[in-house]
Amino acid sequence: MTQDKHGYVVRGLLGLLAVVMLLFTLPAYMNTSANPGLANLTGEAASLGSVAGAFLARQLGLALIALYGAIKGTTQPVLIGAFGMAFLNLHDAVFLSAFGNVGPGAIAGLILGGLALVVMALAWRRARA
């Protein structure tokens, strides 16, 4: 696998995914109900010292890794960032749907996760060429 820089389409799409995740993550630190994945939490679980804080920290960490991959642009960081975005979003979409909350959060998770899989496929294909 080569470590060449990927083109603007792959890096731009990964960067866009990271920015979208940051736009949903950062405001939720002020009000956890602003995040679709956390909107149903109440009481202690909705505080930053509990479930909501762990969820947001995971989301922020993976978004920053994806942003790094988009900026660096070489194969390994792009694949790691795209995998993080795909896993986070598809995982959340599946669990939101499984527990009966097939709403905007689950749909957005499917779309963002699918786009992350496209980034992975494009990066992997170019690296194998």
# chains A, B, ... in the order shown; residues from 1 in each chain; ligands from 1
call {"tool": "residues_around", "arguments": {"residues": "range 70-74 of chain A", "least_positions_apart": "4", "cutoff": "7 Å", "atoms": "only C-alpha atoms", "output": "MDAnalysis selection string"}}
result
chainID A and resid 3:6 11:12 14:15 66 78
call {"tool": "residues_around", "arguments": {"residues": "Met120 in chain A", "least_positions_apart": "6", "cutoff": "8 Å", "atoms": "only C-alpha atoms", "output": "PyMOL selection string"}}
result
chain A and resi 78-79+82-83
call {"tool": "write_last_selection", "arguments": {"atoms": "C-alpha atoms", "output": "mmCIF file, in the first residue's frame"}}
result
data_model
loop_
_atom_site.group_PDB
_atom_site.id
_atom_site.type_symbol
_atom_site.label_atom_id
_atom_site.label_comp_id
_atom_site.auth_asym_id
_atom_site.auth_seq_id
_atom_site.Cartn_x
_atom_site.Cartn_y
_atom_site.Cartn_z
ATOM 1 C CA VAL A 78 -7.430 8.885 5.447
ATOM 2 C CA LEU A 79 -8.431 5.249 5.944
ATOM 3 C CA ALA A 82 -12.922 7.320 7.279
ATOM 4 C CA PHE A 83 -13.230 4.110 9.286
#
call {"tool": "select_by_dssp", "arguments": {"residues": "chain A", "states": "alpha helix (DSSP H)", "output": "NGL selection string"}}
result
:A and (8-25 or 51-72 or 75-98 or 104-128)
call {"tool": "closest_residue", "arguments": {"among": "A:Val118, A:Thr75, A:Ile65, A:Pro36", "to": "Gly103 in chain A", "atoms": "only C-alpha atoms"}}
result
A:Pro36
call {"tool": "residues_around", "arguments": {"residues": "range 39-51 of chain A", "least_positions_apart": "2", "cutoff": "12 Å", "atoms": "only C-alpha atoms", "output": "mmCIF file with N, CA and C atoms, in the first residue's frame"}}
result
data_model
loop_
_atom_site.group_PDB
_atom_site.id
_atom_site.type_symbol
_atom_site.label_atom_id
_atom_site.label_comp_id
_atom_site.auth_asym_id
_atom_site.auth_seq_id
_atom_site.Cartn_x
_atom_site.Cartn_y
_atom_site.Cartn_z
ATOM 1 N N PHE A 24 -22.174 19.108 14.862
ATOM 2 C CA PHE A 24 -23.135 18.475 15.759
ATOM 3 C C PHE A 24 -22.563 18.240 17.153
ATOM 4 N N ALA A 28 -23.220 20.744 21.296
ATOM 5 C CA ALA A 28 -23.808 19.844 22.292
ATOM 6 C C ALA A 28 -23.070 19.919 23.623
ATOM 7 N N TYR A 29 -21.868 20.448 23.640
ATOM 8 C CA TYR A 29 -21.173 20.629 24.915
ATOM 9 C C TYR A 29 -21.868 21.683 25.770
ATOM 10 N N MET A 30 -22.563 22.615 25.148
ATOM 11 C CA MET A 30 -23.325 23.621 25.890
ATOM 12 C C MET A 30 -24.717 23.108 26.265
ATOM 13 N N ASN A 31 -25.306 22.335 25.366
ATOM 14 C CA ASN A 31 -26.654 21.804 25.578
ATOM 15 C C ASN A 31 -26.709 20.420 24.934
ATOM 16 N N THR A 32 -26.638 19.386 25.738
ATOM 17 C CA THR A 32 -26.543 18.032 25.195
ATOM 18 C C THR A 32 -27.748 17.627 24.354
ATOM 19 N N SER A 33 -28.892 18.241 24.567
ATOM 20 C CA SER A 33 -30.073 17.882 23.778
ATOM 21 C C SER A 33 -29.980 18.422 22.350
ATOM 22 N N ALA A 34 -28.959 19.236 22.037
ATOM 23 C CA ALA A 34 -28.771 19.734 20.681
ATOM 24 C C ALA A 34 -28.256 18.647 19.747
ATOM 25 N N ASN A 35 -27.758 17.548 20.299
ATOM 26 C CA ASN A 35 -27.242 16.444 19.501
ATOM 27 C C ASN A 35 -28.353 15.404 19.341
ATOM 28 N N PRO A 36 -28.680 14.998 18.091
ATOM 29 C CA PRO A 36 -29.778 14.037 17.898
ATOM 30 C C PRO A 36 -29.589 12.719 18.657
ATOM 31 N N GLY A 37 -28.365 12.289 18.837
ATOM 32 C CA GLY A 37 -28.109 11.046 19.556
ATOM 33 C C GLY A 37 -28.321 11.160 21.050
ATOM 34 N N GLY A 53 -21.337 12.927 28.169
ATOM 35 C CA GLY A 53 -19.937 13.329 28.064
ATOM 36 C C GLY A 53 -19.092 12.290 27.364
ATOM 37 N N ALA A 54 -19.318 11.027 27.675
ATOM 38 C CA ALA A 54 -18.571 9.950 27.018
ATOM 39 C C ALA A 54 -18.908 9.886 25.531
ATOM 40 N N PHE A 55 -20.174 10.045 25.201
ATOM 41 C CA PHE A 55 -20.614 10.035 23.809
ATOM 42 C C PHE A 55 -19.972 11.182 23.049
ATOM 43 N N LEU A 56 -20.010 12.383 23.618
ATOM 44 C CA LEU A 56 -19.457 13.549 22.943
ATOM 45 C C LEU A 56 -17.938 13.461 22.812
ATOM 46 N N ALA A 57 -17.267 12.922 23.815
ATOM 47 C CA ALA A 57 -15.815 12.779 23.746
ATOM 48 C C ALA A 57 -15.423 11.813 22.634
ATOM 49 N N ARG A 58 -16.148 10.736 22.519
ATOM 50 C CA ARG A 58 -15.892 9.764 21.440
ATOM 51 C C ARG A 58 -16.134 10.410 20.083
ATOM 52 N N LEU A 96 -29.856 3.364 17.172
ATOM 53 C CA LEU A 96 -31.030 4.233 17.249
ATOM 54 C C LEU A 96 -32.235 3.545 16.613
ATOM 55 N N PHE A 99 -33.636 0.558 18.722
ATOM 56 C CA PHE A 99 -34.397 0.935 19.916
ATOM 57 C C PHE A 99 -35.579 1.835 19.589
ATOM 58 N N GLY A 100 -36.005 1.819 18.326
ATOM 59 C CA GLY A 100 -37.244 2.472 17.940
ATOM 60 C C GLY A 100 -37.175 3.960 17.694
ATOM 61 N N ASN A 101 -35.987 4.524 17.522
ATOM 62 C CA ASN A 101 -35.868 5.953 17.291
ATOM 63 C C ASN A 101 -35.364 6.204 15.875
ATOM 64 N N GLY A 103 -35.305 8.294 13.450
ATOM 65 C CA GLY A 103 -35.565 9.700 13.175
ATOM 66 C C GLY A 103 -34.405 10.312 12.424
ATOM 67 N N PRO A 104 -34.265 11.629 12.537
ATOM 68 C CA PRO A 104 -33.207 12.327 11.810
ATOM 69 C C PRO A 104 -31.801 11.854 12.181
ATOM 70 N N GLY A 105 -31.584 11.510 13.438
ATOM 71 C CA GLY A 105 -30.267 11.044 13.857
ATOM 72 C C GLY A 105 -29.872 9.747 13.185
#
call {"tool": "atom_distance", "arguments": {"atom1": "CA of His91 in chain A", "atom2": "CA of Leu13 in chain A"}}
result
19.9 Å
call {"tool": "residues_around", "arguments": {"residues": "Ala116 in chain A", "least_positions_apart": "5", "cutoff": "10 Å", "atoms": "only C-alpha atoms", "output": "PyMOL selection string"}}
result
chain A and resi 10+13-14+17-18+66+79+81-87+89-90+110-111+121-122
call {"tool": "closest_residue", "arguments": {"among": "A:Leu60, A:Gly7, A:Gly69, A:Gln76", "to": "Val20 in chain A", "atoms": "only C-alpha atoms"}}
result
A:Leu60
call {"tool": "decode", "arguments": {"residues": "range 5-110 of chain A", "atoms": "C-alpha atoms", "output": "JSON list (two decimals), in the first residue's frame"}}
result
[["chain", "number", "residue", "atom", "x", "y", "z"],
["A", 5, "LYS", "CA", -1.43, 11.92, -0.99],
["A", 6, "HIS", "CA", -4.98, 11.43, -2.12],
["A", 7, "GLY", "CA", -6.83, 13.85, -4.35],
["A", 8, "TYR", "CA", -9.05, 16.69, -3.33],
["A", 9, "VAL", "CA", -12.26, 14.68, -3.76],
["A", 10, "VAL", "CA", -11.32, 12.02, -1.19],
["A", 11, "ARG", "CA", -9.75, 14.48, 1.23],
["A", 12, "GLY", "CA", -12.54, 17.01, 0.73],
["A", 13, "LEU", "CA", -15.27, 14.45, 1.37],
["A", 14, "LEU", "CA", -13.53, 13.23, 4.52],
["A", 15, "GLY", "CA", -13.00, 16.83, 5.66],
["A", 16, "LEU", "CA", -16.68, 17.58, 5.03],
["A", 17, "LEU", "CA", -17.71, 14.57, 7.12],
["A", 18, "ALA", "CA", -15.43, 15.73, 9.93],
["A", 19, "VAL", "CA", -16.79, 19.29, 9.83],
["A", 20, "VAL", "CA", -20.40, 18.04, 9.88],
["A", 21, "MET", "CA", -19.59, 15.90, 12.93],
["A", 22, "LEU", "CA", -17.93, 18.86, 14.63],
["A", 23, "LEU", "CA", -20.99, 21.02, 13.90],
["A", 24, "PHE", "CA", -23.13, 18.48, 15.76],
["A", 25, "THR", "CA", -20.60, 17.88, 18.53],
["A", 26, "LEU", "CA", -19.34, 21.27, 19.66],
["A", 27, "PRO", "CA", -22.74, 22.92, 20.32],
["A", 28, "ALA", "CA", -23.81, 19.84, 22.29],
["A", 29, "TYR", "CA", -21.17, 20.63, 24.91],
["A", 30, "MET", "CA", -23.33, 23.62, 25.89],
["A", 31, "ASN", "CA", -26.65, 21.80, 25.58],
["A", 32, "THR", "CA", -26.54, 18.03, 25.19],
["A", 33, "SER", "CA", -30.07, 17.88, 23.78],
["A", 34, "ALA", "CA", -28.77, 19.73, 20.68],
["A", 35, "ASN", "CA", -27.24, 16.44, 19.50],
["A", 36, "PRO", "CA", -29.78, 14.04, 17.90],
["A", 37, "GLY", "CA", -28.11, 11.05, 19.56],
["A", 38, "LEU", "CA", -28.46, 12.60, 23.01],
["A", 39, "ALA", "CA", -31.83, 14.32, 22.70],
["A", 40, "ASN", "CA", -33.69, 11.63, 24.65],
["A", 41, "LEU", "CA", -31.33, 11.58, 27.64],
["A", 42, "THR", "CA", -32.51, 13.19, 30.87],
["A", 43, "GLY", "CA", -31.17, 13.76, 34.34],
["A", 44, "GLU", "CA", -27.71, 12.55, 35.27],
["A", 45, "ALA", "CA", -27.26, 10.64, 32.00],
["A", 46, "ALA", "CA", -27.54, 13.92, 30.05],
["A", 47, "SER", "CA", -24.66, 15.55, 31.95],
["A", 48, "LEU", "CA", -21.12, 15.88, 30.62],
["A", 49, "GLY", "CA", -19.86, 13.79, 33.52],
["A", 50, "SER", "CA", -21.89, 10.78, 32.48],
["A", 51, "VAL", "CA", -23.25, 9.14, 29.31],
["A", 52, "ALA", "CA", -23.52, 12.34, 27.30],
["A", 53, "GLY", "CA", -19.94, 13.33, 28.06],
["A", 54, "ALA", "CA", -18.57, 9.95, 27.02],
["A", 55, "PHE", "CA", -20.61, 10.03, 23.81],
["A", 56, "LEU", "CA", -19.46, 13.55, 22.94],
["A", 57, "ALA", "CA", -15.82, 12.78, 23.75],
["A", 58, "ARG", "CA", -15.89, 9.76, 21.44],
["A", 59, "GLN", "CA", -17.59, 11.78, 18.72],
["A", 60, "LEU", "CA", -15.14, 14.69, 19.08],
["A", 61, "GLY", "CA", -12.13, 12.39, 19.06],
["A", 62, "LEU", "CA", -13.17, 10.58, 15.90],
["A", 63, "ALA", "CA", -14.07, 13.84, 14.14],
["A", 64, "LEU", "CA", -10.62, 15.25, 14.95],
["A", 65, "ILE", "CA", -8.95, 12.06, 13.68],
["A", 66, "ALA", "CA", -10.93, 12.33, 10.43],
["A", 67, "LEU", "CA", -10.01, 16.01, 10.12],
["A", 68, "TYR", "CA", -6.34, 15.11, 10.59],
["A", 69, "GLY", "CA", -6.68, 12.45, 7.88],
["A", 70, "ALA", "CA", -8.20, 14.98, 5.50],
["A", 71, "ILE", "CA", -5.43, 17.49, 6.17],
["A", 72, "LYS", "CA", -2.55, 14.99, 6.07],
["A", 73, "GLY", "CA", -4.03, 13.28, 3.02],
["A", 74, "THR", "CA", -1.92, 10.14, 2.94],
["A", 75, "THR", "CA", -3.51, 6.71, 2.76],
["A", 76, "GLN", "CA", -3.24, 5.51, 6.34],
["A", 77, "PRO", "CA", -4.67, 8.63, 8.07],
["A", 78, "VAL", "CA", -7.43, 8.89, 5.45],
["A", 79, "LEU", "CA", -8.43, 5.25, 5.94],
["A", 80, "ILE", "CA", -8.33, 5.53, 9.74],
["A", 81, "GLY", "CA", -10.39, 8.74, 9.72],
["A", 82, "ALA", "CA", -12.92, 7.32, 7.28],
["A", 83, "PHE", "CA", -13.23, 4.11, 9.29],
["A", 84, "GLY", "CA", -13.85, 6.14, 12.45],
["A", 85, "MET", "CA", -16.58, 8.16, 10.74],
["A", 86, "ALA", "CA", -18.17, 5.03, 9.24],
["A", 87, "PHE", "CA", -18.11, 3.08, 12.48],
["A", 88, "LEU", "CA", -19.41, 5.95, 14.62],
["A", 89, "ASN", "CA", -22.26, 6.87, 12.33],
["A", 90, "LEU", "CA", -23.37, 3.41, 11.24],
["A", 91, "HIS", "CA", -23.11, 2.10, 14.80],
["A", 92, "ASP", "CA", -25.29, 4.93, 16.09],
["A", 93, "ALA", "CA", -27.77, 4.56, 13.22],
["A", 94, "VAL", "CA", -28.19, 0.84, 13.87],
["A", 95, "PHE", "CA", -28.69, 1.26, 17.61],
["A", 96, "LEU", "CA", -31.03, 4.23, 17.25],
["A", 97, "SER", "CA", -33.11, 2.22, 14.79],
["A", 98, "ALA", "CA", -33.02, -0.93, 16.92],
["A", 99, "PHE", "CA", -34.40, 0.93, 19.92],
["A", 100, "GLY", "CA", -37.24, 2.47, 17.94],
["A", 101, "ASN", "CA", -35.87, 5.95, 17.29],
["A", 102, "VAL", "CA", -35.75, 5.94, 13.48],
["A", 103, "GLY", "CA", -35.56, 9.70, 13.18],
["A", 104, "PRO", "CA", -33.21, 12.33, 11.81],
["A", 105, "GLY", "CA", -30.27, 11.04, 13.86],
["A", 106, "ALA", "CA", -30.52, 7.52, 12.46],
["A", 107, "ILE", "CA", -31.02, 8.73, 8.89],
["A", 108, "ALA", "CA", -28.10, 11.16, 9.14],
["A", 109, "GLY", "CA", -25.97, 8.35, 10.57],
["A", 110, "LEU", "CA", -26.75, 6.13, 7.60]]
